[in-house]
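Trainee: Below is the file entry29.txt, which contains compact mmCIF, C-alpha atoms and all ligand atoms.
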# COMPACT_ATOMS: atom_id res chain seq x y z
CA MET J 690 0.80 11.83 50.39
CA ASN J 691 1.37 9.84 53.57
CA VAL J 692 -1.48 7.34 53.50
CA ALA J 693 -2.46 5.03 56.38
CA PHE J 694 -4.01 1.86 54.93
CA ILE J 695 -5.68 -0.53 57.38
CA GLY J 696 -7.13 -3.90 56.27
CA LEU J 697 -5.00 -5.52 53.57
CA GLY J 698 -7.15 -8.49 52.52
CA ASN J 699 -8.49 -9.53 49.12
CA MET J 700 -9.62 -5.99 48.33
CA GLY J 701 -7.43 -3.79 50.54
CA GLY J 702 -4.19 -5.50 49.46
CA PRO J 703 -4.48 -4.65 45.75
CA MET J 704 -5.98 -1.20 46.49
CA ALA J 705 -2.95 -0.38 48.66
CA ARG J 706 -0.64 -1.67 45.91
CA ASN J 707 -2.21 0.75 43.44
CA LEU J 708 -1.55 3.66 45.82
CA LEU J 709 2.11 2.60 46.15
CA LYS J 710 2.36 2.46 42.34
CA ALA J 711 0.92 5.98 42.19
CA GLY J 712 3.85 7.20 44.33
CA HIS J 713 2.29 7.58 47.80
CA SER J 714 4.05 6.61 51.06
CA LEU J 715 2.00 3.99 52.89
CA ALA J 716 1.90 3.08 56.58
CA VAL J 717 0.00 -0.23 56.71
CA PHE J 718 -1.67 -2.29 59.43
CA ASP J 719 -3.51 -5.60 59.45
CA VAL J 720 -4.02 -8.23 62.15
CA VAL J 721 -2.67 -10.84 59.70
CA GLN J 722 1.12 -10.37 59.54
CA ARG J 723 1.43 -12.09 56.14
CA ASN J 724 -0.76 -9.39 54.56
CA VAL J 725 1.46 -6.68 56.08
CA ASP J 726 4.65 -8.41 54.87
CA THR J 727 3.37 -8.52 51.29
CA LEU J 728 2.90 -4.73 51.25
CA VAL J 729 6.19 -4.05 53.08
CA ALA J 730 8.01 -6.05 50.38
CA LEU J 731 6.56 -3.58 47.86
CA GLY J 732 7.76 -0.50 49.78
CA ALA J 733 5.14 0.20 52.48
CA THR J 734 6.05 0.73 56.15
CA ALA J 735 4.53 -1.56 58.81
CA ALA J 736 2.72 0.07 61.75
CA VAL J 737 2.10 -1.72 65.08
CA SER J 738 -1.56 -0.63 65.34
CA ALA J 739 -4.26 1.33 63.57
CA LYS J 740 -3.48 4.19 65.95
CA ALA J 741 0.22 4.17 64.98
CA ALA J 742 -0.55 4.00 61.25
CA ALA J 743 -2.98 6.93 61.50
CA ALA J 744 -0.60 9.07 63.58
CA ARG J 745 1.79 9.63 60.67
CA SER J 746 -0.75 10.13 57.92
CA ASP J 747 -2.34 12.84 55.75
CA VAL J 748 -5.30 10.54 55.06
CA VAL J 749 -6.58 7.23 56.48
CA ILE J 750 -8.22 4.45 54.43
CA THR J 751 -9.79 1.31 55.92
CA MET J 752 -10.98 -1.85 54.14
CA LEU J 753 -12.31 -4.21 56.82
CA PRO J 754 -14.69 -7.20 56.88
CA SER J 755 -17.77 -5.77 58.65
CA SER J 756 -19.37 -3.24 61.03
CA PRO J 757 -17.85 -4.44 64.37
CA HIS J 758 -14.35 -4.33 62.85
CA VAL J 759 -14.93 -0.77 61.64
CA ARG J 760 -16.17 0.34 65.07
CA SER J 761 -13.17 -1.14 66.87
CA VAL J 762 -10.57 0.03 64.35
CA TYR J 763 -11.85 3.64 64.58
CA LEU J 764 -13.11 3.89 68.15
CA GLY J 765 -10.90 1.42 70.09
CA ASP J 766 -8.05 2.39 72.44
CA GLU J 767 -5.51 1.45 69.74
CA GLY J 768 -7.77 2.80 67.01
CA VAL J 769 -7.58 5.50 64.36
CA LEU J 770 -9.27 8.28 66.36
CA ALA J 771 -6.83 7.76 69.24
CA GLY J 772 -3.87 8.58 66.99
CA VAL J 773 -4.86 10.68 64.01
CA LEU J 774 -4.13 14.42 63.79
CA ARG J 775 -7.08 16.81 63.80
CA GLY J 776 -8.38 17.62 60.32
CA VAL J 777 -7.01 14.51 58.60
CA PRO J 778 -9.72 12.98 56.37
CA LEU J 779 -10.87 9.40 57.03
CA ILE J 780 -12.23 7.05 54.36
CA ASP J 781 -13.89 3.73 55.13
CA SER J 782 -14.35 1.52 52.06
CA SER J 783 -15.66 -1.57 53.90
CA THR J 784 -19.25 -2.65 53.21
CA ILE J 785 -21.10 -2.04 56.49
CA ASP J 786 -24.51 -0.87 57.65
CA PRO J 787 -25.37 2.80 57.07
CA HIS J 788 -26.11 3.35 60.81
CA THR J 789 -22.61 2.30 61.89
CA ALA J 790 -21.15 4.43 59.08
CA ARG J 791 -23.05 7.47 60.41
CA ASP J 792 -22.14 6.75 64.06
CA VAL J 793 -18.43 6.45 63.34
CA ALA J 794 -18.50 9.55 61.08
CA THR J 795 -20.22 11.50 63.88
CA ALA J 796 -17.55 10.42 66.40
CA ALA J 797 -14.81 11.38 63.93
CA ARG J 798 -16.38 14.79 63.24
CA ALA J 799 -16.63 15.46 66.99
CA ARG J 800 -12.87 14.95 67.14
CA GLY J 801 -12.26 17.26 64.16
CA ASN J 802 -11.86 14.67 61.41
CA PRO J 803 -14.14 14.65 58.36
CA MET J 804 -15.14 11.12 57.37
CA ALA J 805 -16.49 9.49 54.21
CA ASP J 806 -18.05 6.08 53.69
CA ALA J 807 -16.82 4.90 50.29
CA PRO J 808 -17.81 1.26 49.68
CA VAL J 809 -16.89 -0.23 46.34
CA SER J 810 -18.19 -2.51 43.63
CA GLY J 811 -16.05 -4.25 41.04
CA GLY J 812 -14.70 -7.13 43.14
CA THR J 813 -11.10 -8.27 43.44
CA GLY J 814 -10.57 -7.89 39.67
CA GLY J 815 -11.55 -4.22 39.89
CA ALA J 816 -9.32 -3.76 42.95
CA GLU J 817 -6.34 -5.25 41.04
CA SER J 818 -6.90 -3.21 37.89
CA GLY J 819 -7.81 0.02 39.67
CA THR J 820 -11.24 0.15 38.04
CA LEU J 821 -13.49 0.01 41.13
CA THR J 822 -16.65 2.07 41.47
CA PHE J 823 -16.65 4.10 44.71
CA MET J 824 -20.04 5.09 46.19
CA VAL J 825 -19.19 8.00 48.45
CA GLY J 826 -21.21 9.37 51.35
CA ALA J 827 -19.53 12.61 52.47
CA GLU J 828 -19.93 16.36 52.73
CA ALA J 829 -19.30 17.95 49.30
CA THR J 830 -15.99 19.58 50.30
CA LEU J 831 -14.61 16.31 51.61
CA PHE J 832 -15.74 14.51 48.46
CA GLU J 833 -13.79 16.96 46.26
CA ARG J 834 -10.76 16.62 48.51
CA ILE J 835 -10.60 12.79 48.38
CA ARG J 836 -11.78 12.25 44.81
CA PRO J 837 -8.24 12.36 43.24
CA LEU J 838 -6.99 9.72 45.69
CA LEU J 839 -9.98 7.43 45.07
CA ALA J 840 -9.44 7.86 41.31
CA GLN J 841 -6.07 6.13 41.73
CA MET J 842 -7.93 2.99 42.85
CA GLY J 843 -11.13 3.30 40.83
CA ARG J 844 -12.71 4.48 37.60
CA ASN J 845 -16.14 5.71 38.72
CA ILE J 846 -16.18 7.93 41.78
CA VAL J 847 -19.81 8.80 42.61
CA HIS J 848 -20.96 11.29 45.25
CA CYS J 849 -24.13 9.78 46.75
CA GLY J 850 -24.81 12.44 49.41
CA THR J 851 -24.10 12.90 53.11
CA PRO J 852 -22.34 10.27 55.31
CA GLY J 853 -24.07 6.88 55.21
CA THR J 854 -25.48 7.29 51.69
CA GLY J 855 -22.53 5.48 50.07
CA GLN J 856 -23.40 2.41 52.16
CA ALA J 857 -27.09 2.87 51.34
CA ALA J 858 -26.32 2.85 47.60
CA LYS J 859 -24.13 -0.22 47.91
CA ILE J 860 -26.61 -2.37 49.87
CA CYS J 861 -29.59 -1.28 47.72
CA ASN J 862 -27.74 -2.30 44.55
CA ASN J 863 -26.64 -5.61 46.01
CA MET J 864 -30.12 -6.40 47.33
CA LEU J 865 -31.50 -5.96 43.81
CA LEU J 866 -28.66 -8.08 42.40
CA GLY J 867 -29.39 -10.86 44.91
CA ILE J 868 -33.08 -10.81 44.00
CA SER J 869 -32.54 -10.60 40.24
CA MET J 870 -30.10 -13.52 40.28
CA ILE J 871 -32.74 -15.71 41.94
CA GLY J 872 -35.32 -14.51 39.41
CA VAL J 873 -33.08 -15.39 36.47
CA ALA J 874 -32.09 -18.71 38.08
CA GLU J 875 -35.66 -19.91 38.56
CA THR J 876 -36.64 -18.65 35.12
CA MET J 877 -33.80 -20.55 33.44
CA ASN J 878 -34.70 -23.69 35.40
CA LEU J 879 -38.34 -23.38 34.38
CA GLY J 880 -37.47 -22.86 30.72
CA ALA J 881 -35.20 -25.91 30.70
CA SER J 882 -37.94 -28.00 32.36
CA LEU J 883 -40.38 -26.86 29.69
CA GLY J 884 -38.04 -28.01 26.97
CA ILE J 885 -36.45 -24.83 25.61
CA ASP J 886 -32.70 -24.76 25.01
CA PRO J 887 -31.32 -22.49 27.80
CA LYS J 888 -29.12 -20.65 25.29
CA VAL J 889 -32.12 -19.84 23.11
CA LEU J 890 -34.12 -18.78 26.17
CA ALA J 891 -31.29 -16.52 27.38
CA GLY J 892 -31.09 -14.97 23.90
CA ILE J 893 -34.83 -14.17 23.99
CA ILE J 894 -34.70 -12.75 27.52
CA ASN J 895 -31.64 -10.65 26.69
CA THR J 896 -33.46 -8.92 23.83
CA SER J 897 -36.76 -8.71 25.71
CA SER J 898 -38.21 -7.10 28.81
CA GLY J 899 -36.77 -9.68 31.22
CA ARG J 900 -33.20 -8.64 30.44
CA CYS J 901 -30.93 -7.72 33.37
CA TRP J 902 -27.26 -8.02 34.39
CA SER J 903 -27.86 -11.44 35.93
CA SER J 904 -29.24 -12.68 32.59
CA ASP J 905 -27.01 -10.97 30.02
CA THR J 906 -23.64 -10.62 31.77
CA TYR J 907 -23.56 -13.27 34.50
CA ASN J 908 -26.05 -15.93 33.46
CA PRO J 909 -26.25 -18.65 36.14
CA TYR J 910 -27.21 -21.53 33.80
CA PRO J 911 -24.17 -23.64 32.81
CA GLY J 912 -23.40 -23.61 29.09
CA VAL J 913 -25.19 -20.34 28.31
CA MET J 914 -22.13 -18.06 28.59
CA ASP J 915 -18.35 -18.42 28.62
CA GLY J 916 -16.13 -16.81 31.23
CA VAL J 917 -18.74 -16.64 34.01
CA PRO J 918 -18.69 -18.69 37.26
CA ALA J 919 -21.47 -20.96 35.87
CA ALA J 920 -18.96 -22.05 33.20
CA GLN J 921 -16.36 -22.95 35.84
CA GLY J 922 -18.26 -24.93 38.45
CA TYR J 923 -19.16 -21.68 40.27
CA ARG J 924 -15.56 -21.09 41.39
CA GLY J 925 -14.33 -17.51 41.77
CA GLY J 926 -16.69 -14.57 41.36
CA PHE J 927 -18.73 -13.22 44.28
CA ALA J 928 -19.14 -15.74 47.11
CA THR J 929 -22.61 -16.74 48.35
CA GLU J 930 -21.52 -15.79 51.88
CA LEU J 931 -20.66 -12.22 50.75
CA MET J 932 -24.07 -11.89 49.10
CA LEU J 933 -25.59 -13.23 52.32
CA LYS J 934 -23.74 -10.57 54.31
CA ASP J 935 -24.95 -7.75 52.01
CA LEU J 936 -28.57 -8.98 52.12
CA GLY J 937 -28.31 -9.15 55.93
CA LEU J 938 -27.19 -5.50 55.93
CA ALA J 939 -30.03 -4.54 53.59
CA THR J 940 -32.74 -6.31 55.59
CA ASP J 941 -31.36 -4.92 58.89
CA ALA J 942 -31.34 -1.39 57.47
CA ALA J 943 -34.88 -1.93 56.15
CA ARG J 944 -36.04 -3.07 59.60
CA GLN J 945 -34.57 0.05 61.20
CA ALA J 946 -36.15 2.27 58.54
CA LYS J 947 -39.49 0.37 58.87
CA GLN J 948 -39.40 -0.21 55.10
CA PRO J 949 -40.83 -3.49 53.76
CA VAL J 950 -38.43 -5.47 51.57
CA ALA J 951 -40.39 -8.66 51.00
CA LEU J 952 -38.29 -9.99 48.12
CA GLY J 953 -35.02 -8.89 49.74
CA ALA J 954 -35.93 -10.82 52.89
CA LEU J 955 -36.90 -13.91 50.90
CA ALA J 956 -33.67 -13.71 48.89
CA HIS J 957 -31.74 -13.43 52.17
CA GLN J 958 -33.36 -16.65 53.43
CA LEU J 959 -32.69 -18.53 50.18
CA TYR J 960 -28.97 -17.63 50.18
CA GLN J 961 -28.92 -18.53 53.91
CA LEU J 962 -30.33 -21.95 53.11
CA TRP J 963 -27.87 -22.40 50.25
CA SER J 964 -24.94 -21.37 52.43
CA ALA J 965 -26.11 -23.77 55.19
CA GLN J 966 -26.02 -26.54 52.59
CA GLY J 967 -22.29 -25.91 52.18
CA ALA J 968 -22.24 -23.52 49.20
CA GLY J 969 -21.00 -20.42 51.06
CA ALA J 970 -17.72 -20.30 49.15
CA GLN J 971 -19.30 -20.86 45.72
CA ASP J 972 -20.24 -17.93 43.51
CA PHE J 973 -23.72 -16.65 44.38
CA SER J 974 -25.10 -17.59 40.94
CA SER J 975 -24.80 -21.24 42.10
CA VAL J 976 -28.10 -20.57 43.96
CA ILE J 977 -29.62 -21.93 40.73
CA ASN J 978 -28.78 -25.39 42.05
CA LEU J 979 -30.82 -24.80 45.22
CA LEU J 980 -33.81 -24.02 43.03
CA LYS J 981 -33.50 -27.10 40.78
CA GLN J 982 -36.14 -29.71 41.56
CA HIS J 983 -34.62 -32.26 39.25
CA GLU J 984 -31.77 -32.55 36.77
CA ALA J 985 -33.29 -30.69 33.84
CA THR J 986 -32.15 -31.94 30.45
CA PRO J 987 -32.33 -29.13 27.90
CA GLY J 988 -34.74 -30.02 25.11
CA THR J 989 -36.57 -32.71 27.11
CA PRO J 990 -39.79 -31.58 28.75
CA HIS J 991 -40.08 -32.93 32.25
CA ASP J 992 -42.37 -35.98 32.30
CA ARG J 993 -44.72 -34.45 34.87
CA LEU J 994 -45.71 -31.72 32.40
P1 LIG B 1 -10.91 -9.78 53.60
O1 LIG B 1 -11.43 -10.57 54.73
O2 LIG B 1 -10.10 -10.45 52.54
O3 LIG B 1 -10.00 -8.56 54.17
C1 LIG B 1 -10.24 -7.88 55.37
C2 LIG B 1 -8.90 -7.62 56.04
O4 LIG B 1 -9.11 -6.88 57.25
C3 LIG B 1 -8.16 -8.91 56.41
O5 LIG B 1 -6.84 -8.86 55.91
C4 LIG B 1 -8.20 -8.89 57.94
O6 LIG B 1 -7.07 -9.52 58.53
C5 LIG B 1 -8.23 -7.40 58.22
N1 LIG B 1 -8.70 -7.07 59.57
C6 LIG B 1 -9.74 -7.62 60.26
N2 LIG B 1 -9.84 -7.05 61.46
C7 LIG B 1 -8.85 -6.11 61.54
C8 LIG B 1 -8.46 -5.20 62.56
N3 LIG B 1 -9.09 -5.13 63.72
N4 LIG B 1 -7.39 -4.40 62.29
C9 LIG B 1 -6.74 -4.48 61.11
N5 LIG B 1 -7.07 -5.33 60.12
C10 LIG B 1 -8.12 -6.14 60.33
O7 LIG B 1 -12.16 -9.04 52.95
P2 LIG B 1 -12.23 -8.33 51.51
O8 LIG B 1 -12.73 -9.30 50.50
O9 LIG B 1 -10.96 -7.58 51.28
O10 LIG B 1 -13.45 -7.31 51.76
C11 LIG B 1 -13.29 -6.14 52.52
C12 LIG B 1 -14.60 -5.37 52.49
O11 LIG B 1 -14.94 -5.06 51.13
C13 LIG B 1 -15.78 -6.16 53.06
O12 LIG B 1 -16.58 -5.27 53.80
C14 LIG B 1 -16.49 -6.69 51.83
O13 LIG B 1 -17.88 -6.88 52.05
C15 LIG B 1 -16.23 -5.57 50.84
N6 LIG B 1 -16.24 -5.98 49.43
C16 LIG B 1 -15.66 -7.14 49.04
C17 LIG B 1 -15.69 -7.50 47.69
C18 LIG B 1 -15.04 -8.78 47.22
O14 LIG B 1 -15.30 -9.20 46.09
N7 LIG B 1 -14.18 -9.41 48.01
C19 LIG B 1 -16.33 -6.67 46.75
C20 LIG B 1 -16.88 -5.47 47.18
C21 LIG B 1 -16.84 -5.13 48.53
Take the structure from the file and write it as structure tokens.

Mentor:
Amino acid sequence: MNVAFIGLGNMGGPMARNLLKAGHSLAVFDVVQRNVDTLVALGATAAVSAKAAAARSDVVITMLPSSPHVRSVYLGDEGVLAGVLRGVPLIDSSTIDPHTARDVATAARARGNPMADAPVSGGTGGAESGTLTFMVGAEATLFERIRPLLAQMGRNIVHCGTPGTGQAAKICNNMLLGISMIGVAETMNLGASLGIDPKVLAGIINTSSGRCWSSDTYNPYPGVMDGVPAAQGYRGGFATELMLKDLGLATDAARQAKQPVALGALAHQLYQLWSAQGAGAQDFSSVINLLKQHEATPGTPHDRL
């Protein structure tokens, strides 16, 4: 297929590489020339704008930072809708708010182009290895049409419902993740303050009712697990500022839906505080350090207790 791929950053770059490997012809566009050059060196063709990339394509994929970028790349004068042929399917894999996703899909449909929101989870590692999960909001016929293409970049391709529901699934999951990480972090800090070895505590939690992904796969307490950001000074992983962005999307969507999200809003504020203290680039599990009142020494009950 002739694929237009727009937004070639940490996620879009490796996703586009996987489509090249699968034998597709790619017309690529990004505002950062270096990102375009990397793909051109691998066989893609550079386009001068999103409009030009879309004009020669059988399908358009975008992977952009946030909602305003998606609006301008689709609806702007040099945007996708200004150039794409009628009937060509459009796929936006950026994480954005469900309302923008629906607005842009409505504008695309009015012009004769079916559109899917297809945000991903799995991070840059999943993008590299082609094992992303795609959460797809699209009409059923469009979902069936784009599923084989998405399967060349991901392992789990899930139909969530009509346009906007892919974004809803993504921000709901990440809101729970943001909350559960804070829950595990304060629990581990409390246990250490009360004198239990954090490894023993994690073992109990992970075979008990407190178990969750943040405790058994991504434990934030240093020394409990190998191969997680907590074991490497919170480098790599999923940045605090990206979690902050997703919680902002979740709390905004909740406000518009008039749905209370008390813990989501509190989690948003705590990551905001942590980011303001200079930890935006650290993995989000580093929020455990915001919640530490003192340097807990495992095995030594705090003297105030
Ligand atoms: P990124 O900032 O590395 O990449 C975005 C790319 O879009 C950049 O190359 C940028 O130059 C380009 N861009 C910006 N404006 C543009 C425009 N007007 N026209 C063309 N290109 C433009 O971000 P990323 O980490 O690749 O994330 C992309 C999306 O995926 C975000 O919405 C993010 O929330 C989501 N996401 C990221 C991760 C992750 O671990 N990085 C995981 C899941 C989802």

Trainee: Between atom CA of J:Gly698 and atom CA of J:Leu774, what is the distance in Å, rounded to a tenth?

Mentor: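 Computing the Euclidean distance for atom CA of J:Gly698 and atom CA of J:Leu774 yields 25.7 Å.
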
Trainee: Within 9 Å of J:Leu980, counting all atoms listed in the file, which residues qualify if same-chain residues fewer than 3 places away don't, as a list in words?

Mentor: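 Here the answer would be Ile871, Ala874, Glu875, Asn878, Val976 and Ile977 of chain J.
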
Trainee: Give as number ranges by chain the residues surrounding ligand LIG 1 (chain B) up to a distance of 6 Å, considering only C-alpha atoms and all ligand atoms.

Mentor: J: 695-701, 718-721, 752-755, 758, 762, 783-784, 809-810, 812-813, 927

Trainee: Which residue, J:Asn908, J:Ser975, J:Thr789, J:Gln961, has the smallest gap to J:Thr854 when you use only C-alpha atoms?

Mentor: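 Using only C-alpha atoms, the shortest distance to J:Thr854 belongs to J:Thr789.
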
Trainee: Residues within 12 Å of J:Ala920, please, as a list in words. Count only C-alpha atoms; anything in the same chain fewer than 3 positions from it doesn't count.

Mentor: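 Answer for this query is Tyr907, Asn908, Pro909, Tyr910, Pro911, Gly912, Val913, Met914, Asp915, Gly916, Val917, Tyr923, Arg924, Gly925, Gly926, Asp972, Ser974 and Ser975 of chain J.
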
Trainee: Which polymer residues, whether protein, DNA or RNA, lie within 12 Å of the coordinate (-15.4, 7.9, 50.3) when you count all atoms listed in the file? List them as a ChimeraX atom specification, using the chain letters and numbers from the file.

Mentor: /J:748-752,778-784,790,794,803-809,822-840,842-843,845-856

Trainee: Could you check which residues have any atom within 12 Å of (-26.5, -3.1, 42.5), counting all atoms listed in the file with coordinates taken straight from the file, and then list them as a PyMOL selection string?

Mentor: chain J and resi 809-811+822+824+856-870+901-903+932+935-936+939

Trainee: One decimal, in Å: what's the spacing between atom CA of J:Leu770 and atom CA of J:Ala797?

Mentor: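 Distance reported for this atom pair: 6.8 Å.
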
Trainee: For each of J:Ala743, J:Ala881, J:Leu931, J:Ala705, take the minimum atom-to-atom distance to J:Leu728, counting all atoms listed in the file, then give the residue where this is smallest.

Mentor: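 The answer is J:Ala705, which sits nearest to J:Leu728.
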
Trainee: Using the incomplete input, complete stretch 736-745 of chain J to the level of all heavy atoms; output as a PDB file, keeping the file's coordinate frame.

Mentor:
ATOM      1  N   ALA J 736       3.042  -0.616  60.492  1.00  0.00           N
ATOM      2  CA  ALA J 736       2.720   0.070  61.750  1.00  0.00           C
ATOM      3  C   ALA J 736       2.259  -0.987  62.748  1.00  0.00           C
ATOM      4  O   ALA J 736       1.753  -2.043  62.352  1.00  0.00           O
ATOM      5  CB  ALA J 736       1.605   1.094  61.509  1.00  0.00           C
ATOM      6  N   VAL J 737       2.425  -0.709  64.064  1.00  0.00           N
ATOM      7  CA  VAL J 737       2.100  -1.720  65.080  1.00  0.00           C
ATOM      8  C   VAL J 737       0.606  -1.731  65.434  1.00  0.00           C
ATOM      9  O   VAL J 737       0.130  -2.657  66.083  1.00  0.00           O
ATOM     10  CB  VAL J 737       2.927  -1.546  66.375  1.00  0.00           C
ATOM     11  CG1 VAL J 737       4.400  -1.795  66.108  1.00  0.00           C
ATOM     12  CG2 VAL J 737       2.697  -0.167  66.987  1.00  0.00           C
ATOM     13  N   SER J 738      -0.123  -0.702  65.032  1.00  0.00           N
ATOM     14  CA  SER J 738      -1.560  -0.630  65.340  1.00  0.00           C
ATOM     15  C   SER J 738      -2.212   0.346  64.361  1.00  0.00           C
ATOM     16  O   SER J 738      -1.519   1.100  63.653  1.00  0.00           O
ATOM     17  CB  SER J 738      -1.765  -0.113  66.773  1.00  0.00           C
ATOM     18  OG  SER J 738      -1.256   1.206  66.866  1.00  0.00           O
ATOM     19  N   ALA J 739      -3.537   0.349  64.388  1.00  0.00           N
ATOM     20  CA  ALA J 739      -4.260   1.330  63.570  1.00  0.00           C
ATOM     21  C   ALA J 739      -3.923   2.742  64.045  1.00  0.00           C
ATOM     22  O   ALA J 739      -3.740   3.672  63.249  1.00  0.00           O
ATOM     23  CB  ALA J 739      -5.761   1.077  63.673  1.00  0.00           C
ATOM     24  N   LYS J 740      -3.818   2.888  65.351  1.00  0.00           N
ATOM     25  CA  LYS J 740      -3.480   4.190  65.950  1.00  0.00           C
ATOM     26  C   LYS J 740      -2.123   4.678  65.429  1.00  0.00           C
ATOM     27  O   LYS J 740      -1.982   5.829  65.004  1.00  0.00           O
ATOM     28  CB  LYS J 740      -3.430   4.017  67.468  1.00  0.00           C
ATOM     29  CG  LYS J 740      -3.026   5.226  68.252  1.00  0.00           C
ATOM     30  CD  LYS J 740      -3.006   4.867  69.737  1.00  0.00           C
ATOM     31  CE  LYS J 740      -2.429   5.988  70.572  1.00  0.00           C
ATOM     32  NZ  LYS J 740      -2.365   5.617  71.994  1.00  0.00           N
ATOM     33  N   ALA J 741      -1.122   3.789  65.429  1.00  0.00           N
ATOM     34  CA  ALA J 741       0.220   4.170  64.980  1.00  0.00           C
ATOM     35  C   ALA J 741       0.228   4.499  63.495  1.00  0.00           C
ATOM     36  O   ALA J 741       0.887   5.458  63.063  1.00  0.00           O
ATOM     37  CB  ALA J 741       1.203   3.041  65.288  1.00  0.00           C
ATOM     38  N   ALA J 742      -0.499   3.726  62.699  1.00  0.00           N
ATOM     39  CA  ALA J 742      -0.550   4.000  61.250  1.00  0.00           C
ATOM     40  C   ALA J 742      -1.165   5.373  61.009  1.00  0.00           C
ATOM     41  O   ALA J 742      -0.658   6.183  60.221  1.00  0.00           O
ATOM     42  CB  ALA J 742      -1.363   2.927  60.542  1.00  0.00           C
ATOM     43  N   ALA J 743      -2.254   5.672  61.719  1.00  0.00           N
ATOM     44  CA  ALA J 743      -2.980   6.930  61.500  1.00  0.00           C
ATOM     45  C   ALA J 743      -2.168   8.136  61.963  1.00  0.00           C
ATOM     46  O   ALA J 743      -2.272   9.224  61.383  1.00  0.00           O
ATOM     47  CB  ALA J 743      -4.311   6.885  62.252  1.00  0.00           C
ATOM     48  N   ALA J 744      -1.321   7.943  62.974  1.00  0.00           N
ATOM     49  CA  ALA J 744      -0.600   9.070  63.580  1.00  0.00           C
ATOM     50  C   ALA J 744       0.323   9.768  62.590  1.00  0.00           C
ATOM     51  O   ALA J 744       0.597  10.954  62.729  1.00  0.00           O
ATOM     52  CB  ALA J 744       0.194   8.574  64.786  1.00  0.00           C
ATOM     53  N   ARG J 745       0.826   9.016  61.588  1.00  0.00           N
ATOM     54  CA  ARG J 745       1.790   9.630  60.670  1.00  0.00           C
ATOM     55  C   ARG J 745       1.157   9.988  59.324  1.00  0.00           C
ATOM     56  O   ARG J 745       1.873  10.148  58.339  1.00  0.00           O
ATOM     57  CB  ARG J 745       2.935   8.675  60.347  1.00  0.00           C
ATOM     58  CG  ARG J 745       3.359   7.757  61.416  1.00  0.00           C
ATOM     59  CD  ARG J 745       4.451   6.828  60.862  1.00  0.00           C
ATOM     60  NE  ARG J 745       4.568   5.641  61.686  1.00  0.00           N
ATOM     61  CZ  ARG J 745       4.872   4.443  61.242  1.00  0.00           C
ATOM     62  NH1 ARG J 745       5.110   4.252  59.967  1.00  0.00           N
ATOM     63  NH2 ARG J 745       4.956   3.432  62.068  1.00  0.00           N
TER      64      ARG J 745
END
